[in-house]
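Visitor: What follows is the file run.pdb, containing PDB, C-alpha atoms and all ligand atoms:
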ATOM      1  CA  MET X  87     -19.038  16.197 -18.694
ATOM      2  CA  ASN X  88     -18.263  18.348 -15.666
ATOM      3  CA  ILE X  89     -14.641  18.755 -14.658
ATOM      4  CA  GLY X  90     -13.736  19.725 -11.096
ATOM      5  CA  PHE X  91     -10.342  21.315 -10.479
ATOM      6  CA  LEU X  92      -8.940  21.274  -6.938
ATOM      7  CA  GLY X  93      -5.956  23.533  -6.253
ATOM      8  CA  THR X  94      -5.535  26.673  -8.353
ATOM      9  CA  GLY X  95      -2.044  27.717  -7.286
ATOM     10  CA  LEU X  96       0.881  28.561  -9.564
ATOM     11  CA  MET X  97       0.253  25.561 -11.839
ATOM     12  CA  GLY X  98      -3.424  24.837 -11.223
ATOM     13  CA  GLU X  99      -4.632  28.289 -12.284
ATOM     14  CA  PRO X 100      -3.152  28.232 -15.816
ATOM     15  CA  MET X 101      -4.069  24.545 -16.242
ATOM     16  CA  ALA X 102      -7.700  25.249 -15.348
ATOM     17  CA  GLN X 103      -7.610  28.220 -17.751
ATOM     18  CA  ARG X 104      -6.599  25.809 -20.547
ATOM     19  CA  LEU X 105      -9.646  23.645 -19.864
ATOM     20  CA  LEU X 106     -11.933  26.695 -19.876
ATOM     21  CA  ALA X 107     -10.367  27.898 -23.129
ATOM     22  CA  ALA X 108     -11.345  24.516 -24.631
ATOM     23  CA  ASN X 109     -14.975  25.263 -23.660
ATOM     24  CA  LEU X 110     -15.143  22.539 -21.041
ATOM     25  CA  ALA X 111     -17.474  22.933 -18.063
ATOM     26  CA  VAL X 112     -15.094  23.506 -15.156
ATOM     27  CA  THR X 113     -15.786  23.987 -11.454
ATOM     28  CA  VAL X 114     -12.877  25.111  -9.282
ATOM     29  CA  TYR X 115     -12.098  25.138  -5.571
ATOM     30  CA  ASN X 116      -9.106  26.635  -3.796
ATOM     31  CA  ARG X 117      -8.489  26.945  -0.057
ATOM     32  CA  THR X 118      -7.495  30.595  -0.526
ATOM     33  CA  PRO X 119     -10.530  31.946  -2.385
ATOM     34  CA  SER X 120      -8.756  34.921  -4.011
ATOM     35  CA  LYS X 121      -6.881  32.491  -6.285
ATOM     36  CA  VAL X 122     -10.058  31.516  -8.164
ATOM     37  CA  ALA X 123     -11.024  35.097  -9.133
ATOM     38  CA  SER X 124      -9.352  35.010 -12.581
ATOM     39  CA  LEU X 125     -10.958  31.640 -13.301
ATOM     40  CA  ALA X 126     -14.407  32.891 -12.303
ATOM     41  CA  LYS X 127     -13.915  35.754 -14.780
ATOM     42  CA  ALA X 128     -13.024  33.193 -17.467
ATOM     43  CA  GLY X 129     -16.269  31.297 -16.852
ATOM     44  CA  ALA X 130     -15.472  28.715 -14.166
ATOM     45  CA  ALA X 131     -18.103  27.776 -11.614
ATOM     46  CA  ILE X 132     -16.852  28.250  -8.053
ATOM     47  CA  ALA X 133     -17.440  25.582  -5.395
ATOM     48  CA  ASN X 134     -17.546  26.643  -1.750
ATOM     49  CA  SER X 135     -16.075  23.371  -0.509
ATOM     50  CA  PRO X 136     -14.215  20.365  -1.932
ATOM     51  CA  ALA X 137     -17.286  18.183  -1.203
ATOM     52  CA  GLU X 138     -19.508  20.525  -3.231
ATOM     53  CA  LEU X 139     -17.031  20.391  -6.119
ATOM     54  CA  ILE X 140     -16.854  16.584  -6.039
ATOM     55  CA  ARG X 141     -20.651  16.278  -5.936
ATOM     56  CA  THR X 142     -21.029  18.308  -9.132
ATOM     57  CA  SER X 143     -18.100  16.794 -11.086
ATOM     58  CA  ASP X 144     -17.644  13.613 -13.150
ATOM     59  CA  CYS X 145     -13.866  13.941 -13.135
ATOM     60  CA  ILE X 146     -11.794  15.691 -10.470
ATOM     61  CA  ILE X 147      -8.315  16.952 -11.333
ATOM     62  CA  LEU X 148      -5.954  17.600  -8.398
ATOM     63  CA  MET X 149      -3.117  20.124  -8.532
ATOM     64  CA  LEU X 150      -2.532  20.362  -4.784
ATOM     65  CA  SER X 151       0.876  20.741  -3.108
ATOM     66  CA  ASP X 152       1.365  17.307  -1.638
ATOM     67  CA  ALA X 153      -0.154  14.137  -0.192
ATOM     68  CA  ILE X 154      -1.161  15.897   3.036
ATOM     69  CA  ALA X 155      -3.172  18.465   1.085
ATOM     70  CA  ILE X 156      -4.751  15.669  -0.989
ATOM     71  CA  SER X 157      -5.711  13.842   2.192
ATOM     72  CA  GLU X 158      -7.243  16.946   3.746
ATOM     73  CA  VAL X 159      -9.109  18.089   0.649
ATOM     74  CA  LEU X 160     -10.139  14.879  -1.119
ATOM     75  CA  LEU X 161     -10.195  12.256   1.589
ATOM     76  CA  SER X 162     -11.974  14.110   4.380
ATOM     77  CA  GLU X 163     -15.178  12.414   5.541
ATOM     78  CA  ALA X 164     -17.330  14.975   3.704
ATOM     79  CA  SER X 165     -15.371  14.628   0.445
ATOM     80  CA  GLN X 166     -15.121  10.832   0.527
ATOM     81  CA  ALA X 167     -18.878  10.593   0.898
ATOM     82  CA  GLN X 168     -19.254  12.223  -2.547
ATOM     83  CA  LEU X 169     -16.613  10.235  -4.434
ATOM     84  CA  ALA X 170     -18.541   7.154  -5.589
ATOM     85  CA  GLY X 171     -18.697   6.809  -9.383
ATOM     86  CA  ARG X 172     -16.253   9.643 -10.090
ATOM     87  CA  THR X 173     -12.730   9.625 -11.535
ATOM     88  CA  VAL X 174      -9.862  11.380  -9.775
ATOM     89  CA  ILE X 175      -6.769  12.428 -11.755
ATOM     90  CA  SER X 176      -3.881  13.484  -9.510
ATOM     91  CA  MET X 177      -1.399  15.744 -11.297
ATOM     92  CA  SER X 178       0.517  16.800  -8.163
ATOM     93  CA  THR X 179       4.060  15.576  -7.597
ATOM     94  CA  ILE X 180       3.789  12.891  -4.918
ATOM     95  CA  SER X 181       5.751   9.706  -4.341
ATOM     96  CA  PRO X 182       4.798   6.342  -5.883
ATOM     97  CA  THR X 183       4.076   5.012  -2.401
ATOM     98  CA  GLN X 184       1.796   7.954  -1.606
ATOM     99  CA  SER X 185       0.071   7.675  -4.971
ATOM    100  CA  ARG X 186      -0.667   3.985  -4.461
ATOM    101  CA  ASP X 187      -1.980   4.679  -0.968
ATOM    102  CA  ILE X 188      -4.281   7.438  -2.240
ATOM    103  CA  SER X 189      -5.380   5.154  -5.084
ATOM    104  CA  ASP X 190      -6.358   2.438  -2.589
ATOM    105  CA  ARG X 191      -8.392   4.905  -0.550
ATOM    106  CA  ILE X 192     -10.162   6.256  -3.625
ATOM    107  CA  LEU X 193     -10.948   2.773  -4.931
ATOM    108  CA  ALA X 194     -12.347   1.932  -1.488
ATOM    109  CA  ALA X 195     -14.719   4.897  -1.922
ATOM    110  CA  SER X 196     -15.947   3.284  -5.200
ATOM    111  CA  ALA X 197     -14.217   5.856  -7.409
ATOM    112  CA  GLU X 198     -11.449   5.574 -10.014
ATOM    113  CA  TYR X 199      -7.917   6.965  -9.800
ATOM    114  CA  LEU X 200      -5.200   7.890 -12.276
ATOM    115  CA  GLU X 201      -1.910   9.641 -11.567
ATOM    116  CA  ALA X 202      -0.757  12.120 -14.211
ATOM    117  CA  PRO X 203       2.200  14.154 -12.912
ATOM    118  CA  VAL X 204       3.717  16.725 -15.231
ATOM    119  CA  LEU X 205       7.123  17.978 -16.319
ATOM    120  CA  GLY X 206       7.203  21.649 -17.283
ATOM    121  CA  SER X 207       6.253  24.773 -15.428
ATOM    122  CA  ILE X 208       4.001  27.831 -15.657
ATOM    123  CA  PRO X 209       4.910  28.778 -19.273
ATOM    124  CA  GLU X 210       4.203  25.214 -20.450
ATOM    125  CA  ALA X 211       0.995  25.088 -18.378
ATOM    126  CA  LYS X 212      -0.201  28.298 -20.062
ATOM    127  CA  THR X 213       0.457  27.008 -23.574
ATOM    128  CA  GLY X 214      -0.688  23.416 -23.048
ATOM    129  CA  ASN X 215       2.825  22.038 -23.508
ATOM    130  CA  LEU X 216       3.273  20.115 -20.279
ATOM    131  CA  ILE X 217       4.716  16.611 -20.531
ATOM    132  CA  VAL X 218       1.980  14.528 -18.932
ATOM    133  CA  MET X 219       3.020  11.092 -17.619
ATOM    134  CA  VAL X 220       0.164   8.719 -16.831
ATOM    135  CA  GLY X 221       0.004   5.855 -14.350
ATOM    136  CA  SER X 222      -3.273   3.956 -14.721
ATOM    137  CA  THR X 223      -4.764   1.018 -16.560
ATOM    138  CA  PRO X 224      -4.450   1.173 -20.374
ATOM    139  CA  GLN X 225      -8.247   1.504 -20.563
ATOM    140  CA  GLN X 226      -8.250   4.520 -18.240
ATOM    141  CA  PHE X 227      -5.512   6.102 -20.339
ATOM    142  CA  GLN X 228      -7.614   5.629 -23.490
ATOM    143  CA  GLN X 229     -10.613   7.149 -21.762
ATOM    144  CA  TRP X 230      -8.907  10.241 -20.356
ATOM    145  CA  GLN X 231      -6.087  11.081 -22.755
ATOM    146  CA  GLY X 232      -8.354  13.425 -24.741
ATOM    147  CA  LEU X 233      -8.909  15.527 -21.623
ATOM    148  CA  LEU X 234      -5.222  15.472 -20.705
ATOM    149  CA  GLN X 235      -4.288  16.607 -24.230
ATOM    150  CA  HIS X 236      -5.586  20.079 -23.348
ATOM    151  CA  LEU X 237      -2.735  20.300 -20.826
ATOM    152  CA  GLY X 238       0.004  18.569 -22.797
ATOM    153  CA  SER X 239      -0.469  17.581 -26.425
ATOM    154  CA  GLU X 240       1.033  14.094 -26.111
ATOM    155  CA  PRO X 241       0.239  12.444 -22.779
ATOM    156  CA  ARG X 242       2.521   9.420 -22.266
ATOM    157  CA  TYR X 243       1.309   6.128 -20.843
ATOM    158  CA  ILE X 244       3.980   4.986 -18.367
ATOM    159  CA  GLY X 245       2.408   1.998 -16.583
ATOM    160  CA  THR X 246       0.366   1.183 -13.536
ATOM    161  CA  VAL X 247      -0.260   3.612 -10.652
ATOM    162  CA  GLY X 248       3.068   4.462  -9.017
ATOM    163  CA  MET X 249       5.160   4.152 -12.166
ATOM    164  CA  ALA X 250       4.462   7.644 -13.523
ATOM    165  CA  ALA X 251       4.981   9.069 -10.022
ATOM    166  CA  ALA X 252       8.350   7.287  -9.879
ATOM    167  CA  LEU X 253       9.359   8.677 -13.280
ATOM    168  CA  LYS X 254       8.372  12.198 -12.221
ATOM    169  CA  LEU X 255      10.460  11.928  -9.026
ATOM    170  CA  ALA X 256      13.401  10.651 -11.091
ATOM    171  CA  LEU X 257      13.180  13.779 -13.254
ATOM    172  CA  ASN X 258      12.880  16.130 -10.289
ATOM    173  CA  GLN X 259      15.905  14.507  -8.636
ATOM    174  CA  LEU X 260      17.789  15.713 -11.717
ATOM    175  CA  ILE X 261      16.407  19.246 -11.323
ATOM    176  CA  ALA X 262      17.663  19.391  -7.742
ATOM    177  CA  SER X 263      21.023  17.719  -8.356
ATOM    178  CA  LEU X 264      21.865  19.501 -11.627
ATOM    179  CA  THR X 265      20.967  22.921 -10.211
ATOM    180  CA  THR X 266      23.063  22.334  -7.099
ATOM    181  CA  ALA X 267      26.026  21.062  -9.133
ATOM    182  CA  PHE X 268      25.822  24.043 -11.507
ATOM    183  CA  SER X 269      25.536  26.493  -8.577
ATOM    184  CA  LEU X 270      28.680  25.071  -7.027
ATOM    185  CA  SER X 271      30.741  25.425 -10.211
ATOM    186  CA  LEU X 272      29.363  28.927 -10.842
ATOM    187  CA  GLY X 273      30.271  29.893  -7.268
ATOM    188  CA  LEU X 274      33.877  28.740  -7.711
ATOM    189  CA  VAL X 275      34.235  30.544 -11.034
ATOM    190  CA  GLU X 276      32.789  33.755  -9.535
ATOM    191  CA  ARG X 277      35.047  33.687  -6.486
ATOM    192  CA  TYR X 278      38.151  33.307  -8.624
ATOM    193  CA  GLY X 279      37.048  36.198 -10.839
ATOM    194  CA  VAL X 280      36.896  33.976 -13.932
ATOM    195  CA  ASP X 281      34.751  35.522 -16.667
ATOM    196  CA  THR X 282      31.337  33.870 -16.249
ATOM    197  CA  GLU X 283      30.623  34.096 -19.956
ATOM    198  CA  ALA X 284      33.884  32.282 -20.751
ATOM    199  CA  PHE X 285      32.791  29.534 -18.350
ATOM    200  CA  MET X 286      29.365  29.341 -20.016
ATOM    201  CA  GLN X 287      30.768  29.363 -23.576
ATOM    202  CA  ILE X 288      33.000  26.385 -22.835
ATOM    203  CA  LEU X 289      30.242  24.602 -20.931
ATOM    204  CA  ARG X 290      27.740  25.125 -23.766
ATOM    205  CA  THR X 291      29.993  23.402 -26.296
ATOM    206  CA  SER X 292      30.709  20.471 -23.972
ATOM    207  CA  ALA X 293      28.810  17.276 -23.194
ATOM    208  CA  LEU X 294      28.336  18.591 -19.644
ATOM    209  CA  TYR X 295      25.827  21.232 -20.702
ATOM    210  CA  ALA X 296      22.125  21.175 -19.805
ATOM    211  CA  THR X 297      19.728  23.882 -21.034
ATOM    212  CA  THR X 298      18.471  24.398 -17.494
ATOM    213  CA  PHE X 299      21.834  26.061 -16.706
ATOM    214  CA  ASP X 300      21.140  28.947 -19.091
ATOM    215  CA  LYS X 301      17.513  29.130 -17.966
ATOM    216  CA  LYS X 302      18.650  29.836 -14.397
ATOM    217  CA  LEU X 303      21.916  31.716 -15.025
ATOM    218  CA  SER X 304      20.623  35.299 -15.078
ATOM    219  CA  ARG X 305      18.529  34.763 -11.924
ATOM    220  CA  MET X 306      21.624  33.435 -10.148
ATOM    221  CA  LEU X 307      23.944  36.207 -11.332
ATOM    222  CA  GLU X 308      21.407  38.882 -10.383
ATOM    223  CA  GLY X 309      20.311  37.167  -7.157
ATOM    224  CA  ASN X 310      16.733  37.554  -8.405
ATOM    225  CA  TYR X 311      14.540  34.703  -7.227
ATOM    226  CA  ASP X 312      11.186  36.556  -7.314
ATOM    227  CA  ASN X 313       8.078  35.446  -9.244
ATOM    228  CA  PRO X 314       8.900  31.744  -9.048
ATOM    229  CA  ASN X 315       7.847  29.186 -11.605
ATOM    230  CA  PHE X 316       8.688  26.385  -9.208
ATOM    231  CA  PRO X 317       9.261  27.306  -5.546
ATOM    232  CA  THR X 318      12.183  26.041  -3.462
ATOM    233  CA  LYS X 319       9.814  24.483  -0.896
ATOM    234  CA  HIS X 320       8.327  22.154  -3.517
ATOM    235  CA  LEU X 321      11.770  21.070  -4.753
ATOM    236  CA  LEU X 322      12.663  20.247  -1.140
ATOM    237  CA  LYS X 323       9.425  18.253  -0.864
ATOM    238  CA  ASP X 324      10.321  16.265  -3.991
ATOM    239  CA  THR X 325      13.901  15.711  -2.821
ATOM    240  CA  LYS X 326      12.650  14.307   0.483
ATOM    241  CA  LEU X 327      10.165  12.084  -1.353
ATOM    242  CA  PHE X 328      12.979  10.727  -3.532
ATOM    243  CA  LEU X 329      15.194  10.123  -0.492
ATOM    244  CA  SER X 330      12.423   8.228   1.239
ATOM    245  CA  GLU X 331      11.852   6.015  -1.817
ATOM    246  CA  ALA X 332      15.629   5.522  -2.247
ATOM    247  CA  GLU X 333      15.945   4.345   1.340
ATOM    248  CA  THR X 334      13.158   1.810   0.898
ATOM    249  CA  LEU X 335      14.657   0.574  -2.366
ATOM    250  CA  GLY X 336      18.278   0.381  -1.152
ATOM    251  CA  LEU X 337      19.614   3.094  -3.479
ATOM    252  CA  GLN X 338      22.667   4.945  -2.163
ATOM    253  CA  SER X 339      21.507   8.547  -2.133
ATOM    254  CA  GLN X 340      24.074  10.390   0.012
ATOM    255  CA  SER X 341      24.723  12.909  -2.775
ATOM    256  CA  LEU X 342      21.040  13.804  -2.840
ATOM    257  CA  ASP X 343      21.025  14.138   0.934
ATOM    258  CA  GLY X 344      23.666  16.851   0.480
ATOM    259  CA  VAL X 345      21.339  18.562  -1.978
ATOM    260  CA  ARG X 346      18.555  18.307   0.619
ATOM    261  CA  GLN X 347      20.747  20.105   3.155
ATOM    262  CA  ILE X 348      21.441  22.905   0.673
ATOM    263  CA  LEU X 349      17.706  23.209   0.014
ATOM    264  CA  GLU X 350      17.062  23.389   3.782
ATOM    265  CA  GLN X 351      19.644  26.208   3.947
ATOM    266  CA  ALA X 352      17.855  28.097   1.172
ATOM    267  CA  ILE X 353      14.610  27.753   3.152
ATOM    268  CA  ALA X 354      16.417  29.039   6.283
ATOM    269  CA  LEU X 355      17.462  32.091   4.244
ATOM    270  CA  GLY X 356      13.751  32.864   3.781
ATOM    271  CA  LEU X 357      13.649  31.554   0.196
ATOM    272  CA  ALA X 358      10.934  28.865   0.577
ATOM    273  CA  ASP X 359       8.569  30.637  -1.809
ATOM    274  CA  ALA X 360      11.331  31.906  -4.102
ATOM    275  CA  ASP X 361      12.308  30.285  -7.402
ATOM    276  CA  TYR X 362      14.382  27.157  -6.759
ATOM    277  CA  SER X 363      17.374  28.750  -8.481
ATOM    278  CA  ALA X 364      17.746  30.303  -5.002
ATOM    279  CA  LEU X 365      19.784  27.155  -4.351
ATOM    280  CA  PHE X 366      22.638  29.343  -5.598
ATOM    281  CA  ALA X 367      22.186  31.734  -2.653
ATOM    282  CA  ALA X 368      22.644  28.812  -0.251
ATOM    283  CA  VAL X 369      25.605  27.294  -2.119
ATOM    284  CA  ASN X 370      27.299  30.687  -2.510
ATOM    285  CA  PRO X 371      26.312  32.707   0.579
ATOM    286  CA  PRO X 372      26.975  36.463   0.286
ATOM    287  CA  THR X 373      28.684  36.722   3.694
ATOM    288  CA  LEU X 374      31.480  34.371   2.640
ATOM    289  CA  LYS X 375      32.114  35.994  -0.746
ATOM    290  CA  GLY X 376      35.438  37.450  -1.894
TER     291      GLY X 376
HETATM  292  P1  LIG K   1       1.367  26.107  -5.260
HETATM  293  O1  LIG K   1       1.288  27.360  -6.050
HETATM  294  O2  LIG K   1       2.018  26.143  -3.923
HETATM  295  O3  LIG K   1      -0.116  25.517  -5.121
HETATM  296  C1  LIG K   1      -0.421  24.533  -4.177
HETATM  297  C2  LIG K   1      -1.917  24.354  -4.114
HETATM  298  O4  LIG K   1      -2.228  23.416  -3.057
HETATM  299  C3  LIG K   1      -2.675  25.645  -3.763
HETATM  300  O5  LIG K   1      -3.900  25.605  -4.425
HETATM  301  C4  LIG K   1      -2.860  25.511  -2.242
HETATM  302  O6  LIG K   1      -3.936  26.246  -1.709
HETATM  303  C5  LIG K   1      -3.160  24.030  -2.148
HETATM  304  N1  LIG K   1      -2.954  23.497  -0.798
HETATM  305  C6  LIG K   1      -1.776  23.254  -0.172
HETATM  306  N2  LIG K   1      -1.989  22.732   1.053
HETATM  307  C7  LIG K   1      -3.341  22.658   1.217
HETATM  308  C8  LIG K   1      -4.172  22.187   2.247
HETATM  309  N3  LIG K   1      -3.658  21.665   3.369
HETATM  310  N4  LIG K   1      -5.501  22.261   2.069
HETATM  311  C9  LIG K   1      -6.020  22.775   0.923
HETATM  312  N5  LIG K   1      -5.287  23.215  -0.122
HETATM  313  C10 LIG K   1      -3.949  23.150   0.023
HETATM  314  O7  LIG K   1       2.135  24.963  -6.061
HETATM  315  P2  LIG K   1       2.244  24.638  -7.611
HETATM  316  O8  LIG K   1       3.556  25.125  -8.093
HETATM  317  O9  LIG K   1       0.994  25.020  -8.321
HETATM  318  O10 LIG K   1       2.396  23.039  -7.525
HETATM  319  C11 LIG K   1       1.303  22.171  -7.334
HETATM  320  C12 LIG K   1       1.819  20.738  -7.473
HETATM  321  O11 LIG K   1       2.378  20.569  -8.787
HETATM  322  C13 LIG K   1       2.938  20.382  -6.490
HETATM  323  O12 LIG K   1       2.826  19.019  -6.168
HETATM  324  C14 LIG K   1       4.197  20.646  -7.305
HETATM  325  O13 LIG K   1       5.292  19.903  -6.839
HETATM  326  C15 LIG K   1       3.741  20.193  -8.680
HETATM  327  N6  LIG K   1       4.445  20.792  -9.821
HETATM  328  C16 LIG K   1       4.784  22.113  -9.829
HETATM  329  C17 LIG K   1       5.451  22.639 -10.942
HETATM  330  C18 LIG K   1       5.874  24.088 -11.008
HETATM  331  O14 LIG K   1       6.675  24.410 -11.886
HETATM  332  N7  LIG K   1       5.377  24.987 -10.156
HETATM  333  C19 LIG K   1       5.727  21.822 -12.038
HETATM  334  C20 LIG K   1       5.334  20.493 -12.004
HETATM  335  C21 LIG K   1       4.693  19.981 -10.895
HETATM  336  P3  LIG K   1      -3.696  27.755  -1.193
HETATM  337  O15 LIG K   1      -3.696  28.611  -2.414
HETATM  338  O16 LIG K   1      -4.819  28.012  -0.273
HETATM  339  O17 LIG K   1      -2.349  27.757  -0.490
END
Take the structure in the file and give it back as structure tokens.
Ligand code: NAP

Guide:
Amino acid sequence: MNIGFLGTGLMGEPMAQRLLAANLAVTVYNRTPSKVASLAKAGAAIANSPAELIRTSDCIILMLSDAIAISEVLLSEASQAQLAGRTVISMSTISPTQSRDISDRILAASAEYLEAPVLGSIPEAKTGNLIVMVGSTPQQFQQWQGLLQHLGSEPRYIGTVGMAAALKLALNQLIASLTTAFSLSLGLVERYGVDTEAFMQILRTSALYATTFDKKLSRMLEGNYDNPNFPTKHLLKDTKLFLSEAETLGLQSQSLDGVRQILEQAIALGLADADYSALFAAVNPPTLKG
């Protein structure tokens, strides 16, 4: 079986490496060609266009930024013409509504579609420890879980298309909201000169603690947002996707809209491609300190 991998960015590159390490036949395509060099060295075939990749693949895995990228790469006229008989597995974070729309368009091109968004970041992608959440038919899950196990050892069947995308957005809403809430408390503690470690020690023993706080603490204290695992711009994308779904569903999401504004401020500070812990720089701007 030939696997095609579209989108070899921060997550796609290590995920495609996992498939190559399992001796699978993998063809890759990325808009910016330099990002496939390491995969070519590891034995991947390189496609010159998405349509060429689709033509030579039985299954196409997507790890593109968003629904716009998926539309441009997979649903262009040239790409659609090659889709018949193939299976597309979208692992990007997109909304349930977008996923269902893409599914409809892929089914109309006589191909199959599964959504399989992931929780975890570059370290988990490298070691095959992503949490893979699948939205598909039960039969499709049975058919493709062996492949997905190379990326995360226990893929979880969530339900029909849209349901895994909804679960993934629910988790990312927590990333955005928890990080903003933690940044705000850390900012207050810092400005009052309270010992940060005392704050953390008490927090760690309380029910309020989440491990993500310690994961991001040193970056925040040092103001070091380089070499991102998950960039601020993608967390803003996911926050906007959640807000759009919340509006449709009648959920009151004003608190998340505040988080969105903080994320927009981080982007305005030039931190779009920085690690999302840069939320702290927006919550606690240097010019207003002390
Ligand atoms: P990334 O490094 O920004 O990679 C995005 C990929 O999409 C790149 O291959 C990029 O190509 C491609 N792309 C974007 N727009 C395109 C367009 N219009 N046409 C063609 N290609 C386009 O992002 P990532 O961190 O790997 O994330 C990929 C997806 O996984 C996103 O949906 C993200 O939310 C999700 N995700 C990320 C993480 C994480 O920790 N990073 C974790 C879970 C899920 P170029 O290289 O040419 O720009």

Visitor: What residues of the protein or nucleic acid chains come within 6 Å of ligand LIG 1 (chain K) when you use all atoms listed in the file? Reply as a PDB file with C-alpha atoms, in the coordinates of the input.

Guide:
ATOM      1  CA  GLY X  93      -5.956  23.533  -6.253  1.00  0.00           C
ATOM      2  CA  THR X  94      -5.535  26.673  -8.353  1.00  0.00           C
ATOM      3  CA  GLY X  95      -2.044  27.717  -7.286  1.00  0.00           C
ATOM      4  CA  LEU X  96       0.881  28.561  -9.564  1.00  0.00           C
ATOM      5  CA  MET X  97       0.253  25.561 -11.839  1.00  0.00           C
ATOM      6  CA  GLY X  98      -3.424  24.837 -11.223  1.00  0.00           C
ATOM      7  CA  ASN X 116      -9.106  26.635  -3.796  1.00  0.00           C
ATOM      8  CA  ARG X 117      -8.489  26.945  -0.057  1.00  0.00           C
ATOM      9  CA  THR X 118      -7.495  30.595  -0.526  1.00  0.00           C
ATOM     10  CA  MET X 149      -3.117  20.124  -8.532  1.00  0.00           C
ATOM     11  CA  LEU X 150      -2.532  20.362  -4.784  1.00  0.00           C
ATOM     12  CA  SER X 151       0.876  20.741  -3.108  1.00  0.00           C
ATOM     13  CA  ASP X 152       1.365  17.307  -1.638  1.00  0.00           C
ATOM     14  CA  ALA X 155      -3.172  18.465   1.085  1.00  0.00           C
ATOM     15  CA  GLU X 158      -7.243  16.946   3.746  1.00  0.00           C
ATOM     16  CA  VAL X 159      -9.109  18.089   0.649  1.00  0.00           C
ATOM     17  CA  SER X 178       0.517  16.800  -8.163  1.00  0.00           C
ATOM     18  CA  THR X 179       4.060  15.576  -7.597  1.00  0.00           C
ATOM     19  CA  VAL X 204       3.717  16.725 -15.231  1.00  0.00           C
ATOM     20  CA  LEU X 205       7.123  17.978 -16.319  1.00  0.00           C
ATOM     21  CA  GLY X 206       7.203  21.649 -17.283  1.00  0.00           C
ATOM     22  CA  SER X 207       6.253  24.773 -15.428  1.00  0.00           C
ATOM     23  CA  ILE X 208       4.001  27.831 -15.657  1.00  0.00           C
ATOM     24  CA  ASN X 315       7.847  29.186 -11.605  1.00  0.00           C
ATOM     25  CA  PHE X 316       8.688  26.385  -9.208  1.00  0.00           C
ATOM     26  CA  HIS X 320       8.327  22.154  -3.517  1.00  0.00           C
TER      27      HIS X 320
END

Visitor: Expanded to explicit residues, what is the PyMOL selection byres (((chain X and resi 255) around 8) and not hetatm) for this file, as a short mmCIF file (atom, residue, chain, number, x, y, z; two decimals) with C-alpha atoms, in the frame of the given file?

Guide:
data_model
loop_
_atom_site.label_atom_id
_atom_site.label_comp_id
_atom_site.auth_asym_id
_atom_site.auth_seq_id
_atom_site.Cartn_x
_atom_site.Cartn_y
_atom_site.Cartn_z
CA THR X 179 4.06 15.58 -7.60
CA ILE X 180 3.79 12.89 -4.92
CA SER X 181 5.75 9.71 -4.34
CA ALA X 251 4.98 9.07 -10.02
CA ALA X 252 8.35 7.29 -9.88
CA LEU X 253 9.36 8.68 -13.28
CA LYS X 254 8.37 12.20 -12.22
CA ALA X 256 13.40 10.65 -11.09
CA LEU X 257 13.18 13.78 -13.25
CA ASN X 258 12.88 16.13 -10.29
CA GLN X 259 15.90 14.51 -8.64
CA ASP X 324 10.32 16.26 -3.99
CA LEU X 327 10.16 12.08 -1.35
CA PHE X 328 12.98 10.73 -3.53
#

Visitor: Can you pull out the residues contacting range 283-296 of chain X? Cut-off 10 Å, using all atoms listed in the file, and skip same-chain residues under 2 positions away; I want them as a VMD selection string.

Guide: chain X and resid 264 to 265 268 271 to 272 275 to 276 280 to 281 298 to 301 303

Visitor: Once 4 Å is added on each side, what are the centre and the three edge lengths, in Å to one decimal, of the axis-aligned box enclosing the listed atoms of range 291-297 of chain X? Present them as lines of an AutoDock Vina configuration file.

Guide:
center_x = 25.2
center_y = 20.6
center_z = -23.0
size_x = 19.0
size_y = 14.6
size_z = 14.7

Visitor: With the PyMOL selection byres (((chain X and resi 305) around 12) and not hetatm) as the selection, what would be picked from this file? Answer as a ChimeraX atom specification, please.

Guide: /X:269,298-304,306-314,360-367

Visitor: Rounded to one decimal in Å, what is the spacing between CA of Leu125 in chain X and CA of Gln166 in chain X?

Guide: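 Taking CA of Leu125 in chain X and CA of Gln166 in chain X, their separation equals 25.3 Å.
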
Visitor: Given all atoms listed in the file as the basis, pick out the residue of X:Leu148, X:Leu110, X:Ala332, X:Ala354 nearest to Ala130 in chain X.

Guide: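 Counting all atoms listed in the file, the residue closest to Ala130 in chain X is X:Leu110.
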
Visitor: Residues of range 176-246 of chain X within 8 Å of range 101-108 of chain X: nearest atom pair and distance (Å, one decimal) for each, counting only C-alpha atoms, sorted by chain and number, as JSON lines?

Guide:
{"residue": "X:Ala211", "atom": "CA", "partner": "X:Met101", "partner_atom": "CA", "distance": 5.5}
{"residue": "X:Lys212", "atom": "CA", "partner": "X:Met101", "partner_atom": "CA", "distance": 6.6}
{"residue": "X:Thr213", "atom": "CA", "partner": "X:Arg104", "partner_atom": "CA", "distance": 7.8}
{"residue": "X:Gly214", "atom": "CA", "partner": "X:Arg104", "partner_atom": "CA", "distance": 6.8}
{"residue": "X:His236", "atom": "CA", "partner": "X:Leu105", "partner_atom": "CA", "distance": 6.4}
{"residue": "X:Leu237", "atom": "CA", "partner": "X:Met101", "partner_atom": "CA", "distance": 6.4}
